[in-house]
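Chemist: This is the structure I have questions about; it appears just below.
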Amino acid sequence: MSRARWLAPVVAFVALAFLVAVLPSFISAFRAQQLAYVAIYLIALIGLNVLTGYTGQISLGHGAFMAIGGYTTAILIADHGVKDIWTIPIAGILTGVVGFLFGIPALRLSGLYLALATFAIAVSMPAVIKRFEGFTGGGSGINLFGLPDLTASLTPVTVLGRELTFNDWLYYLCWTIALVGYVVAWLLLRGRTGRAFRAVRDSETAAQSSGVSLPKYKTLAFGVSAAYAGVAGSLFAIATTFVNPDTFPIALSILLLVGVVVGGLGSLVGLIAGAVFIQFLPIWSQEVSKSPGAPAIVSGVVLIALMFVLPMGFAGLLARVRTLTKR
Amino acid sequence: MKPKLTFALTALVLTLAIGVTAAFAGTTRSSADPGVTSTSILLGTTSPLSGVASAYASVARGADAYFKYVNARGGVNGRKISDTIVDDQYNPQQTVLATRKLVEQDGVFAMFNTLGTEQNLAIRDYLNANKVPQLFAASGATAFGSESAKYPYTIGLQPSYQAEGWVLGKYLARTQGSAKVAVLFQNDDYGKDLLNGLKKGMQRSKARVVAAEPFEATAPDVQSQMAKLRSSGASTLAIFATPKHAIQAYVFANRLNWKPKLTLTNAVASASNIMLLASEGGKNKVVEGSVSIVFLKDPTDPKWKNDAAMKLYRSIMKRYAASANVDDVYHVYGMAAAWTAVEALRKAGKNLTRSGLVKVTSSMNFSGNPFLLPGIGLKTGPGDHFPIEQMVLQRWHKGSWKSFGGIWGYRTA
């Protein structure tokens, strides 16, 4: 039984990795680029789920953490000539530290108050970025397209003997990092740390009385979560080849929370569906109708309907199917 | 274990399959440039159809209506124009994605009338690297016209903000040579371009800026800035803002009991409905006599009631955009842009290529755009990618704008 317990997820993961690896041969380069964004959202959603789904701390400010990662990458590439892939870990670490530090004052807040505090970060971030214009390029932002340190933006890149265009390169880069991030999160959450996170979520008092340090695990969750958001933001900047304050609007933070809820709070498998959902819903809803305001209404209706049908998100759907097949 | 495994696999495959559907939608053409066949031209536009800036969506709608009108009359050189409009919610990241989709998946011949300064900046390098024309960027940022050597495929349309400021400055220099000007400006490229233009226009006269107060585009109000400007003892007030802050500036000037001899305001902030709001039902005397610039025919201006072009405008709107507000001047802007695109495509000839089109837009000398004020032409040349550099002054009098004087042309250098 214990063997079966880890075998199923491992086989499923290998199948997923295989599917990810061969998919670009069957789809257009443009579709590959869209799927690269799915991977980027997946990374951000994993991070947000560590904080919100597993540790129970609601964040409406993850767009701001993505902005920190994105700007770190953009400034390093444009002003300091750092190769794009090396900026990714730097952005992740820096954002992780910022998230950890934010976690300290956030200890005093819980529930809705924490949600409001994180929302305030998301609201103020564009203004802060515009304030330091010499550093961030202000409202005009920073353009990366065509810079020599941005891999494959002008000429294809050869990786492991295969020539990749910009879109395919983005696809493999983002999905590789997303899958690694997925495994890291899985390992982190299945063990002692994950149990502590869940204990904090379910009852802070009970967790404390069993010896779980609230400050330690809450700040850790903030740090890990922000580091994921930072990596996602970094890839976001690389894939979009442009950052400006409006690239990371308040709507992005809300969209991420929608992605986690649609995917399923406290589950990793469902997040892939959540990432697909937030990447493609705006595109689908525009295809339904383009008349004024219609796409927004379509998105809203789909979301409400989905929450009625799948109150626990896609993860809940999977769980229900699982109980059905067991009978 | 087995059901669990099959189940996990199925779920994953299903999820990814969603992304793969319609993967083969994109088609490739073998001809030299994408987006052109003997019967069609494919253009792409991004526009804020939803979100905070959705008021600007009228620009794309006006243009779309005009293309439909042209198509109904046979198109351009036998080709019908199909313009795909994608919503970018005024978010440059969405603009980049939508533009890549239009170029790489839909295979558009050119991007047309992309709305917004940052939005156009975000796609400029990409489009030029791929040699896709970026036609008539809907922004007055100076960068789109002045950097034509580096970005030959990019071209603007409307007068640059710098040109607008310059004309207002020139007007001050001529009519009130000793004016002391207090300037309220938005603290970004937009406000700074206007301020720089104003200063340049006043050069070689005794008129000068005695106080300039910036405000952030996100600032809740401009009260403290207005108080400082009032204490500068200036005789003239210049408001370089977007609608919300322009209204506040007028209202605060009135509250502070400040009566500048003259108030100047920029075109974006001075649509009739905004001026009516600022006038507080006629009680705000600062609004009366304000001077601004104009280059489009305003559908609410009684002067154009029987104008042939505006009659055509109304009939096109009625037929192709029936539910839209005909009085919205942004529709006229869209039609003016569409007219220019049609003219450029016509001049580029039967053998239409991207480089051929860029050659036309880089040496334009079009006159007779019916949606622009009479006498305003569209002209470009080497190092000058600003099509419209002429404008007319207008004065706010008793509840509406009245244009006065002749055409003012902006001369660089």
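Chain identifiers are assigned as A, B, and so on, following the order in which chains appear in the structure tokens; residues are numbered from 1 within each chain, and ligands are numbered from 1 in order of appearance.
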Counting only C-alpha atoms, collect the residues of chain A whose closest atom lies at most 6 Å from chain B, and write them out as JSON, numbers by chain.
Modeler: {"A": [4, 8, 12, 27, 140, 246, 247, 273, 293]}
Chemist: Name the residues in contact with B:Lys244 at a cut-off of 10 Å, using only C-alpha atoms, excluding same-chain residues fewer than 6 positions from it; report them as a PyMOL selection string.
Modeler: chain B and resi 217+220-221+269+274+278
Chemist: Go through B:Val360, B:Ala149, B:Leu194, B:Ala60 one by one, measure the shortest atom-to-atom distance of each to B:Ala241 using only C-alpha atoms, and give the residue with the smallest value.
Modeler: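 Residue with the minimum atom-to-atom distance to B:Ala241: B:Leu194.
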Chemist: Of the residues A:Phe102, A:Tyr228, A:Phe222, A:Phe30, which is the one nearest to A:Gly56, using only C-alpha atoms?
Modeler: A:Phe222
Chemist: By how many Å are atom CA of A:Thr72 and atom CA of A:Ala106 apart?
Modeler: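 Distance between the two atoms: 23.5 Å.
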Chemist: I want to know what sits within 10 Å of A:Val98, based on only C-alpha atoms, with residues of the same chain fewer than 6 positions away left out; could you give that as an mmCIF file with C-alpha atoms, in the first residue's frame?
Modeler:
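Resulting contents of part.cif:
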```cif
data_model
loop_
_atom_site.group_PDB
_atom_site.id
_atom_site.type_symbol
_atom_site.label_atom_id
_atom_site.label_comp_id
_atom_site.auth_asym_id
_atom_site.auth_seq_id
_atom_site.Cartn_x
_atom_site.Cartn_y
_atom_site.Cartn_z
ATOM 1 C CA PHE A 65 5.421 39.919 -5.703
ATOM 2 C CA ILE A 68 9.227 42.536 -7.877
ATOM 3 C CA GLY A 92 13.209 34.241 -6.897
ATOM 4 C CA PHE A 222 5.194 33.817 2.982
ATOM 5 C CA GLY A 223 8.829 33.491 1.919
ATOM 6 C CA ALA A 226 6.774 34.957 -2.661
ATOM 7 C CA ALA A 227 9.817 33.176 -4.093
ATOM 8 C CA GLY A 230 9.144 36.094 -8.001
#
```
Chemist: Kindly give the distance, in Å, that separates atom CA of A:Ser124 and atom CA of A:Leu257, rounded to a single decimal.
Modeler: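 Spanning atom CA of A:Ser124 to atom CA of A:Leu257 is a straight-line distance of 18.2 Å.
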Chemist: Restricting the calculation to only C-alpha atoms: of A:Leu265, A:Val180, A:Ile142, A:Val260, which residue gets closest to A:Ala78?
Modeler: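 Between A:Leu265, A:Val180, A:Ile142, A:Val260, the residue approaching A:Ala78 most closely is A:Ile142.
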Chemist: Mind checking which residues fall within 12 Å of B:Tyr313, counting only C-alpha atoms, ignoring those fewer than 5 positions away in the same chain, and posting them as a PyMOL selection string?
Modeler: chain B and resi 62-63+65-66+69+297-299+304-308+318-322+326-329+331-336+339+370-372
Chemist: Could you pull out the strand (DSSP E or B) residues of stretch 303-383 of chain B, going by DSSP on the backbone, and write them as a PyMOL selection string?
Modeler: chain B and resi 365-366+372+378-379+381
Chemist: Since we have the selection now, will you write its residues out, keeping C-alpha atoms, as a PDB file, in the first residue's frame?
Modeler:
```
ATOM      1  CA  ASN B 365       1.483  64.025 -48.512  1.00  0.00           C
ATOM      2  CA  PHE B 366      -2.241  63.372 -48.194  1.00  0.00           C
ATOM      3  CA  LEU B 372      -9.932  66.499 -40.070  1.00  0.00           C
ATOM      4  CA  LEU B 378      -1.003  64.548 -43.475  1.00  0.00           C
ATOM      5  CA  LYS B 379       2.663  64.859 -44.246  1.00  0.00           C
ATOM      6  CA  GLY B 381       9.301  62.673 -44.688  1.00  0.00           C
TER       7      GLY B 381
END
```
Chemist: Running DSSP on the backbone, which parts of stretch 157-289 of chain A land in helix (DSSP H, G or I), as a PDB file with C-alpha atoms, in the first residue's frame?
Modeler:
```
ATOM      1  CA  PHE A 166      11.682  32.126 -29.271  1.00  0.00           C
ATOM      2  CA  ASN A 167       8.239  30.651 -28.585  1.00  0.00           C
ATOM      3  CA  ASP A 168       9.471  27.055 -28.230  1.00  0.00           C
ATOM      4  CA  TRP A 169      12.362  28.234 -26.079  1.00  0.00           C
ATOM      5  CA  LEU A 170       9.917  30.052 -23.773  1.00  0.00           C
ATOM      6  CA  TYR A 171       7.728  26.972 -23.634  1.00  0.00           C
ATOM      7  CA  TYR A 172      10.539  24.649 -22.550  1.00  0.00           C
ATOM      8  CA  LEU A 173      12.098  27.164 -20.179  1.00  0.00           C
ATOM      9  CA  CYS A 174       8.834  27.893 -18.382  1.00  0.00           C
ATOM     10  CA  TRP A 175       7.619  24.300 -18.239  1.00  0.00           C
ATOM     11  CA  THR A 176      10.969  22.971 -17.014  1.00  0.00           C
ATOM     12  CA  ILE A 177      10.949  25.449 -14.152  1.00  0.00           C
ATOM     13  CA  ALA A 178       7.259  24.831 -13.487  1.00  0.00           C
ATOM     14  CA  LEU A 179       7.744  21.054 -13.244  1.00  0.00           C
ATOM     15  CA  VAL A 180      10.771  21.426 -10.979  1.00  0.00           C
ATOM     16  CA  GLY A 181       8.808  23.884  -8.841  1.00  0.00           C
ATOM     17  CA  TYR A 182       5.940  21.417  -8.758  1.00  0.00           C
ATOM     18  CA  VAL A 183       8.158  18.620  -7.433  1.00  0.00           C
ATOM     19  CA  VAL A 184       9.797  20.908  -4.875  1.00  0.00           C
ATOM     20  CA  ALA A 185       6.393  22.018  -3.600  1.00  0.00           C
ATOM     21  CA  TRP A 186       5.183  18.406  -3.487  1.00  0.00           C
ATOM     22  CA  LEU A 187       8.204  17.331  -1.465  1.00  0.00           C
ATOM     23  CA  LEU A 188       7.869  20.307   0.861  1.00  0.00           C
ATOM     24  CA  LEU A 189       4.169  19.810   1.455  1.00  0.00           C
ATOM     25  CA  ARG A 190       4.059  16.038   1.941  1.00  0.00           C
ATOM     26  CA  ARG A 192       6.826  17.700   8.246  1.00  0.00           C
ATOM     27  CA  THR A 193       6.651  21.272   6.946  1.00  0.00           C
ATOM     28  CA  GLY A 194       3.477  20.577   5.005  1.00  0.00           C
ATOM     29  CA  ARG A 195       1.851  19.065   8.071  1.00  0.00           C
ATOM     30  CA  ALA A 196       2.809  22.139  10.077  1.00  0.00           C
ATOM     31  CA  PHE A 197       1.339  24.409   7.385  1.00  0.00           C
ATOM     32  CA  ARG A 198      -1.928  22.499   7.389  1.00  0.00           C
ATOM     33  CA  ALA A 199      -2.045  22.530  11.170  1.00  0.00           C
ATOM     34  CA  VAL A 200      -1.708  26.331  11.148  1.00  0.00           C
ATOM     35  CA  ARG A 201      -4.512  26.539   8.599  1.00  0.00           C
ATOM     36  CA  ASP A 202      -6.905  24.235  10.425  1.00  0.00           C
ATOM     37  CA  GLU A 204      -3.772  28.042  15.077  1.00  0.00           C
ATOM     38  CA  THR A 205      -4.436  27.210  18.718  1.00  0.00           C
ATOM     39  CA  ALA A 206      -4.247  23.469  18.125  1.00  0.00           C
ATOM     40  CA  ALA A 207      -1.092  23.877  16.059  1.00  0.00           C
ATOM     41  CA  GLN A 208       0.590  25.927  18.762  1.00  0.00           C
ATOM     42  CA  SER A 209      -0.316  23.477  21.494  1.00  0.00           C
ATOM     43  CA  LEU A 214       3.309  30.036  14.267  1.00  0.00           C
ATOM     44  CA  PRO A 215       5.821  32.819  13.490  1.00  0.00           C
ATOM     45  CA  LYS A 216       8.259  30.336  11.968  1.00  0.00           C
ATOM     46  CA  TYR A 217       5.791  28.593   9.673  1.00  0.00           C
ATOM     47  CA  LYS A 218       3.784  31.651   8.690  1.00  0.00           C
ATOM     48  CA  THR A 219       6.863  33.635   7.649  1.00  0.00           C
ATOM     49  CA  LEU A 220       8.265  30.548   5.940  1.00  0.00           C
ATOM     50  CA  ALA A 221       5.036  30.145   3.972  1.00  0.00           C
ATOM     51  CA  PHE A 222       5.194  33.817   2.982  1.00  0.00           C
ATOM     52  CA  GLY A 223       8.829  33.491   1.919  1.00  0.00           C
ATOM     53  CA  VAL A 224       8.333  30.320  -0.143  1.00  0.00           C
ATOM     54  CA  SER A 225       5.156  31.655  -1.694  1.00  0.00           C
ATOM     55  CA  ALA A 226       6.774  34.957  -2.661  1.00  0.00           C
ATOM     56  CA  ALA A 227       9.817  33.176  -4.093  1.00  0.00           C
ATOM     57  CA  TYR A 228       7.508  31.231  -6.449  1.00  0.00           C
ATOM     58  CA  ALA A 229       5.753  34.472  -7.392  1.00  0.00           C
ATOM     59  CA  GLY A 230       9.144  36.094  -8.001  1.00  0.00           C
ATOM     60  CA  VAL A 231      10.214  33.315 -10.363  1.00  0.00           C
ATOM     61  CA  ALA A 232       6.859  33.561 -12.145  1.00  0.00           C
ATOM     62  CA  GLY A 233       7.254  37.336 -12.427  1.00  0.00           C
ATOM     63  CA  SER A 234      10.752  36.913 -13.792  1.00  0.00           C
ATOM     64  CA  LEU A 235       9.530  34.506 -16.496  1.00  0.00           C
ATOM     65  CA  PHE A 236       6.590  36.820 -17.140  1.00  0.00           C
ATOM     66  CA  ALA A 237       9.026  39.638 -17.952  1.00  0.00           C
ATOM     67  CA  ILE A 238      11.151  37.371 -20.153  1.00  0.00           C
ATOM     68  CA  ALA A 239       8.135  36.018 -22.039  1.00  0.00           C
ATOM     69  CA  THR A 240       6.451  39.407 -22.470  1.00  0.00           C
ATOM     70  CA  PRO A 245       3.622  49.254 -13.945  1.00  0.00           C
ATOM     71  CA  ASP A 246       0.455  48.313 -15.808  1.00  0.00           C
ATOM     72  CA  THR A 247       1.906  44.892 -16.632  1.00  0.00           C
ATOM     73  CA  ILE A 250      -4.444  44.734  -9.319  1.00  0.00           C
ATOM     74  CA  ALA A 251      -6.467  42.494 -11.614  1.00  0.00           C
ATOM     75  CA  LEU A 252      -3.475  40.127 -11.854  1.00  0.00           C
ATOM     76  CA  SER A 253      -3.491  39.537  -8.086  1.00  0.00           C
ATOM     77  CA  ILE A 254      -7.199  38.800  -8.176  1.00  0.00           C
ATOM     78  CA  LEU A 255      -6.793  36.563 -11.230  1.00  0.00           C
ATOM     79  CA  LEU A 256      -4.203  34.495  -9.359  1.00  0.00           C
ATOM     80  CA  LEU A 257      -6.572  33.998  -6.446  1.00  0.00           C
ATOM     81  CA  VAL A 258      -9.266  32.969  -8.931  1.00  0.00           C
ATOM     82  CA  GLY A 259      -6.807  30.467 -10.412  1.00  0.00           C
ATOM     83  CA  VAL A 260      -6.102  28.911  -7.018  1.00  0.00           C
ATOM     84  CA  VAL A 261      -9.785  28.668  -6.118  1.00  0.00           C
ATOM     85  CA  VAL A 262     -10.706  27.211  -9.518  1.00  0.00           C
ATOM     86  CA  GLY A 263      -7.820  24.766  -9.285  1.00  0.00           C
ATOM     87  CA  GLY A 270      -5.879  20.940  -9.811  1.00  0.00           C
ATOM     88  CA  LEU A 271      -3.622  23.972 -10.235  1.00  0.00           C
ATOM     89  CA  ILE A 272      -2.774  22.986 -13.797  1.00  0.00           C
ATOM     90  CA  ALA A 273      -6.445  23.382 -14.634  1.00  0.00           C
ATOM     91  CA  GLY A 274      -6.476  26.652 -12.696  1.00  0.00           C
ATOM     92  CA  ALA A 275      -3.541  27.961 -14.742  1.00  0.00           C
ATOM     93  CA  VAL A 276      -5.160  26.897 -18.029  1.00  0.00           C
ATOM     94  CA  PHE A 277      -8.351  28.568 -16.860  1.00  0.00           C
ATOM     95  CA  ILE A 278      -6.867  32.002 -16.107  1.00  0.00           C
ATOM     96  CA  GLN A 279      -4.763  32.003 -19.274  1.00  0.00           C
ATOM     97  CA  PHE A 280      -7.523  31.000 -21.677  1.00  0.00           C
ATOM     98  CA  LEU A 281     -10.739  32.343 -20.106  1.00  0.00           C
ATOM     99  CA  PRO A 282     -10.132  35.955 -21.253  1.00  0.00           C
ATOM    100  CA  ILE A 283      -9.333  34.693 -24.765  1.00  0.00           C
ATOM    101  CA  TRP A 284     -12.363  32.399 -24.943  1.00  0.00           C
ATOM    102  CA  SER A 285     -14.727  35.006 -23.609  1.00  0.00           C
ATOM    103  CA  GLN A 286     -13.601  37.432 -26.301  1.00  0.00           C
ATOM    104  CA  GLU A 287     -14.350  34.833 -28.924  1.00  0.00           C
ATOM    105  CA  VAL A 288     -17.910  34.567 -27.618  1.00  0.00           C
TER     106      VAL A 288
END
```
